[in-house]
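Note sheet for the following structure.
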Amino acid sequence: MSSGRLITIEGIDGAGKSTLAVALEAELRTRGVPVELLREPGGVRAAERIRELVKDPDLHIDPRAEALLFAAARAQLVEDAVKPLLRDGTWVLLDRFVDSSLAYQGGGRRLGIETIREINEFAIRGLRPDRTLLLVVDTALGRGRLGARARPLERLEREQEDFFRRTAGAYLELLAEDPTRIKRIDGSAPPDRVLAAALEAISDLL
Ligand SMILES: Nc1ncnc2c1ncn2[C@@H]1O[C@H](COP(=O)(O)OP(=O)(O)O)[C@@H](O)[C@H]1O
Ligand SMILES: [Mg+2]
């Protein structure tokens, strides 16, 4: 059996990642592709516990501790779920992956993309996404969409505008560095157009 593909979905809060992830999973299933959607941080038990910690608005978490917690959750997810699924020939869709840490902790928190890349290299041991779909929206549009959601804002979602601008800027740096892996998708388009663009961006893998 051939190995599955790893597709990651990235972008700032409110860009439409989770919306696209659910639609893309359904569309791939319809096409007969064995696929599993997992979220980050979390996806497996121990990592979901770390998720509760990093999302808690009542906690102050030091930026370096935050970076290590995300990397720890990712290491667990990769070993427990992603690698076994890929080995079985299942495609894995990830709602966020390493690029989120490079953008948020490297850019947003100003720890530096290279520093964050090193700790993640330790965490994931060379696993590379086959394709990354980067949903690009204005930070104001992302913020506006979050405000319209029913649930209270999580710890990172409460950050200020300049944090999100640095994060969005870091995502664009990553795109410029690796345009073969990372495909830019206009996240301000309606959901059906976003899905069509995503399918186009992975058409060579299908
Ligand atoms: N393409 C889109 N056009 C308009 N609204 C959208 C679109 N994608 C998502 N939304 C809405 O915006 C909000 C944030 O979307 P979500 O998928 O949760 O973003 P993310 O996972 O990137 O934070 C949700 O209320 C969702 O219904
Ligand atoms: Mg989401």
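For the structure tokens, the naming scheme is as follows: chains receive sequential letters (A, B, ...) according to their order of presentation, residues are indexed from 1 within each chain, and ligands are indexed from 1 in presentation order.
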So which residues of region 84-205 of chain A fall under helix (DSSP H, G or I) by DSSP, listed as a PDB file with C-alpha atoms, in the first residue's frame?
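states17.pdb, freshly written:
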```pdb
ATOM      1  CA  PRO A  84       0.823   5.543  11.714  1.00  0.00           C
ATOM      2  CA  LEU A  85      -1.987   6.917   9.508  1.00  0.00           C
ATOM      3  CA  LEU A  86       0.389   7.912   6.704  1.00  0.00           C
ATOM      4  CA  ARG A  87       2.067   4.514   6.906  1.00  0.00           C
ATOM      5  CA  VAL A  98       4.683  23.569  12.281  1.00  0.00           C
ATOM      6  CA  ASP A  99       4.114  26.736  10.232  1.00  0.00           C
ATOM      7  CA  SER A 100       1.681  27.937  12.924  1.00  0.00           C
ATOM      8  CA  SER A 101       4.503  27.850  15.464  1.00  0.00           C
ATOM      9  CA  LEU A 102       6.939  29.520  13.063  1.00  0.00           C
ATOM     10  CA  ALA A 103       4.390  32.304  12.440  1.00  0.00           C
ATOM     11  CA  TYR A 104       2.897  32.758  15.948  1.00  0.00           C
ATOM     12  CA  GLN A 105       5.857  32.062  18.235  1.00  0.00           C
ATOM     13  CA  GLY A 106       8.594  32.933  15.709  1.00  0.00           C
ATOM     14  CA  GLY A 107       6.881  36.038  14.291  1.00  0.00           C
ATOM     15  CA  GLY A 108       4.050  37.029  16.647  1.00  0.00           C
ATOM     16  CA  ILE A 113      11.541  31.671  12.892  1.00  0.00           C
ATOM     17  CA  GLU A 114      14.868  29.759  12.960  1.00  0.00           C
ATOM     18  CA  THR A 115      14.780  29.160  16.729  1.00  0.00           C
ATOM     19  CA  ILE A 116      11.245  27.791  16.515  1.00  0.00           C
ATOM     20  CA  ARG A 117      12.172  25.691  13.501  1.00  0.00           C
ATOM     21  CA  GLU A 118      14.950  24.006  15.513  1.00  0.00           C
ATOM     22  CA  ILE A 119      12.749  22.930  18.431  1.00  0.00           C
ATOM     23  CA  ASN A 120      10.110  21.678  15.995  1.00  0.00           C
ATOM     24  CA  GLU A 121      12.717  19.713  14.072  1.00  0.00           C
ATOM     25  CA  PHE A 122      13.451  17.925  17.343  1.00  0.00           C
ATOM     26  CA  ALA A 123       9.704  17.364  17.873  1.00  0.00           C
ATOM     27  CA  ILE A 124       8.700  15.988  14.471  1.00  0.00           C
ATOM     28  CA  THR A 139      -6.050  40.746  10.105  1.00  0.00           C
ATOM     29  CA  ALA A 140      -9.167  42.943  10.530  1.00  0.00           C
ATOM     30  CA  LEU A 141     -11.354  40.443   8.643  1.00  0.00           C
ATOM     31  CA  GLY A 142      -9.994  37.558  10.732  1.00  0.00           C
ATOM     32  CA  ARG A 143     -10.647  39.463  13.954  1.00  0.00           C
ATOM     33  CA  GLY A 144     -14.136  40.405  12.821  1.00  0.00           C
ATOM     34  CA  ARG A 145     -15.012  36.782  12.080  1.00  0.00           C
ATOM     35  CA  LEU A 146     -13.776  35.673  15.513  1.00  0.00           C
ATOM     36  CA  GLY A 147     -15.898  38.319  17.199  1.00  0.00           C
ATOM     37  CA  ALA A 148     -18.964  36.957  15.400  1.00  0.00           C
ATOM     38  CA  LEU A 156      -3.905  33.626  22.011  1.00  0.00           C
ATOM     39  CA  GLU A 157      -6.992  35.078  20.324  1.00  0.00           C
ATOM     40  CA  ARG A 158      -6.894  37.875  22.940  1.00  0.00           C
ATOM     41  CA  GLU A 161      -3.525  43.723  16.518  1.00  0.00           C
ATOM     42  CA  ASP A 162       0.278  44.107  16.137  1.00  0.00           C
ATOM     43  CA  PHE A 163       0.777  40.495  17.286  1.00  0.00           C
ATOM     44  CA  PHE A 164      -1.498  39.291  14.476  1.00  0.00           C
ATOM     45  CA  ARG A 165       0.169  41.583  11.976  1.00  0.00           C
ATOM     46  CA  ARG A 166       3.589  40.117  12.833  1.00  0.00           C
ATOM     47  CA  THR A 167       2.117  36.614  12.627  1.00  0.00           C
ATOM     48  CA  ALA A 168       0.538  37.285   9.225  1.00  0.00           C
ATOM     49  CA  GLY A 169       3.844  38.791   8.037  1.00  0.00           C
ATOM     50  CA  ALA A 170       5.759  35.687   9.121  1.00  0.00           C
ATOM     51  CA  TYR A 171       3.315  33.467   7.208  1.00  0.00           C
ATOM     52  CA  LEU A 172       4.042  35.487   4.057  1.00  0.00           C
ATOM     53  CA  GLU A 173       7.802  35.080   4.647  1.00  0.00           C
ATOM     54  CA  LEU A 174       7.316  31.303   4.846  1.00  0.00           C
ATOM     55  CA  LEU A 175       5.308  31.385   1.612  1.00  0.00           C
ATOM     56  CA  ALA A 176       8.079  33.304  -0.168  1.00  0.00           C
ATOM     57  CA  GLU A 177      10.658  30.784   1.127  1.00  0.00           C
ATOM     58  CA  PRO A 191     -16.381  29.049   1.376  1.00  0.00           C
ATOM     59  CA  ASP A 192     -17.166  27.195  -1.886  1.00  0.00           C
ATOM     60  CA  ARG A 193     -14.502  29.209  -3.743  1.00  0.00           C
ATOM     61  CA  VAL A 194     -11.989  28.578  -0.956  1.00  0.00           C
ATOM     62  CA  LEU A 195     -12.674  24.835  -1.239  1.00  0.00           C
ATOM     63  CA  ALA A 196     -12.295  24.930  -5.042  1.00  0.00           C
ATOM     64  CA  ALA A 197      -8.969  26.763  -4.710  1.00  0.00           C
ATOM     65  CA  ALA A 198      -7.779  24.215  -2.143  1.00  0.00           C
ATOM     66  CA  LEU A 199      -8.637  21.308  -4.464  1.00  0.00           C
ATOM     67  CA  GLU A 200      -6.805  23.036  -7.291  1.00  0.00           C
ATOM     68  CA  ALA A 201      -3.765  23.498  -5.037  1.00  0.00           C
ATOM     69  CA  SER A 203      -4.729  18.516  -7.757  1.00  0.00           C
ATOM     70  CA  ASP A 204      -1.278  17.118  -8.616  1.00  0.00           C
ATOM     71  CA  LEU A 205      -1.426  14.891  -5.512  1.00  0.00           C
TER      72      LEU A 205
END
```
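For region 27-39 of chain A, the non-local neighbours within 6 Å, defined as residues at least 4 positions apart in the same chain or in other chains and counting only C-alpha atoms, are Gly43, Thr90, Trp91, Val92, Leu93, Leu94 and Asp95 of chain A.
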Please produce a file of those selected residues containing C-alpha atoms, as a compact mmCIF listing (two decimals), in the first residue's frame.
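Saved as selection.txt:
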```
# COMPACT_ATOMS: atom_id res chain seq x y z
CA GLY A 43 -5.74 15.40 18.08
CA THR A 90 -4.42 7.32 4.92
CA TRP A 91 -4.23 10.99 4.00
CA VAL A 92 -3.92 13.29 6.99
CA LEU A 93 -5.42 16.76 7.02
CA LEU A 94 -4.03 18.94 9.79
CA ASP A 95 -5.79 22.09 10.97
```
> Of the candidates A:Leu59, A:Arg125, A:Asp130, A:Arg149, which shows the shortest atom-to-atom distance to ligand 2, using only C-alpha atoms and all ligand atoms?
Replying inline: A:Arg149
Determine, using only C-alpha atoms and all ligand atoms, which residues of chain A have any atom at most 7 Å from an atom of ligand 1, and tabulate each with its shortest atom pair and distance in Å to one decimal place, rows ordered by chain and then rising number, as a Markdown table.
```
| residue | atom | partner | partner_atom_place_in_ligand_line | distance |
| --- | --- | --- | --- | --- |
| A:Gly11 | CA | ligand 1 | 22 (O) | 6.2 |
| A:Ile12 | CA | ligand 1 | 22 (O) | 6.1 |
| A:Asp13 | CA | ligand 1 | 23 (O) | 3.9 |
| A:Gly14 | CA | ligand 1 | 23 (O) | 3.6 |
| A:Ala15 | CA | ligand 1 | 22 (O) | 3.9 |
| A:Gly16 | CA | ligand 1 | 17 (O) | 3.3 |
| A:Lys17 | CA | ligand 1 | 22 (O) | 3.7 |
| A:Ser18 | CA | ligand 1 | 21 (O) | 3.8 |
| A:Thr19 | CA | ligand 1 | 17 (O) | 3.7 |
| A:Leu20 | CA | ligand 1 | 17 (O) | 6.4 |
| A:Arg145 | CA | ligand 1 | 12 (O) | 4.6 |
| A:Leu146 | CA | ligand 1 | 14 (C) | 5.6 |
| A:Ala148 | CA | ligand 1 | 25 (O) | 6.3 |
| A:Arg149 | CA | ligand 1 | 25 (O) | 5.1 |
| A:Gly187 | CA | ligand 1 | 1 (N) | 5.6 |
| A:Ser188 | CA | ligand 1 | 1 (N) | 5.6 |
| A:Ala189 | CA | ligand 1 | 1 (N) | 5.1 |
| A:Pro190 | CA | ligand 1 | 1 (N) | 4.1 |
| A:Pro191 | CA | ligand 1 | 1 (N) | 3.7 |
| A:Val194 | CA | ligand 1 | 1 (N) | 6.1 |
```
Restricting it to C-alpha atoms, dump the selection as a tab-separated table (two decimals), in the first residue's frame.
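Heads up, here's the output in part.tsv:
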```tsv
chain	number	residue	atom	x	y	z
A	11	GLY	CA	-3.46	31.06	8.49
A	12	ILE	CA	-4.28	33.53	11.25
A	13	ASP	CA	-7.27	33.17	13.56
A	14	GLY	CA	-10.52	33.63	11.66
A	15	ALA	CA	-8.91	32.92	8.26
A	16	GLY	CA	-11.32	30.00	7.75
A	17	LYS	CA	-9.01	27.02	8.42
A	18	SER	CA	-11.46	24.87	10.36
A	19	THR	CA	-14.25	25.62	7.90
A	20	LEU	CA	-12.08	24.57	4.96
A	145	ARG	CA	-15.01	36.78	12.08
A	146	LEU	CA	-13.78	35.67	15.51
A	148	ALA	CA	-18.96	36.96	15.40
A	149	ARG	CA	-18.36	33.44	16.78
A	187	GLY	CA	-9.47	33.35	2.53
A	188	SER	CA	-11.82	36.29	1.99
A	189	ALA	CA	-13.58	34.45	-0.85
A	190	PRO	CA	-16.84	32.56	-0.11
A	191	PRO	CA	-16.38	29.05	1.38
A	194	VAL	CA	-11.99	28.58	-0.96
```
>> I need the strand (DSSP E) residues of region 64-150 of chain A per DSSP on the backbone, written as a count of residues only.
In response: 11
>> Just checking: using only C-alpha atoms and all ligand atoms, which residue out of A:Glu40, A:Asp138, A:Asp58, A:Asp186 ends up closest to ligand 2?
In response: A:Glu40
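When only C-alpha atoms and all ligand atoms are used to measure the gap to ligand 2, the shortest distance among A:Arg96, A:Arg64, A:Arg49, A:Lys55 belongs to A:Arg96.
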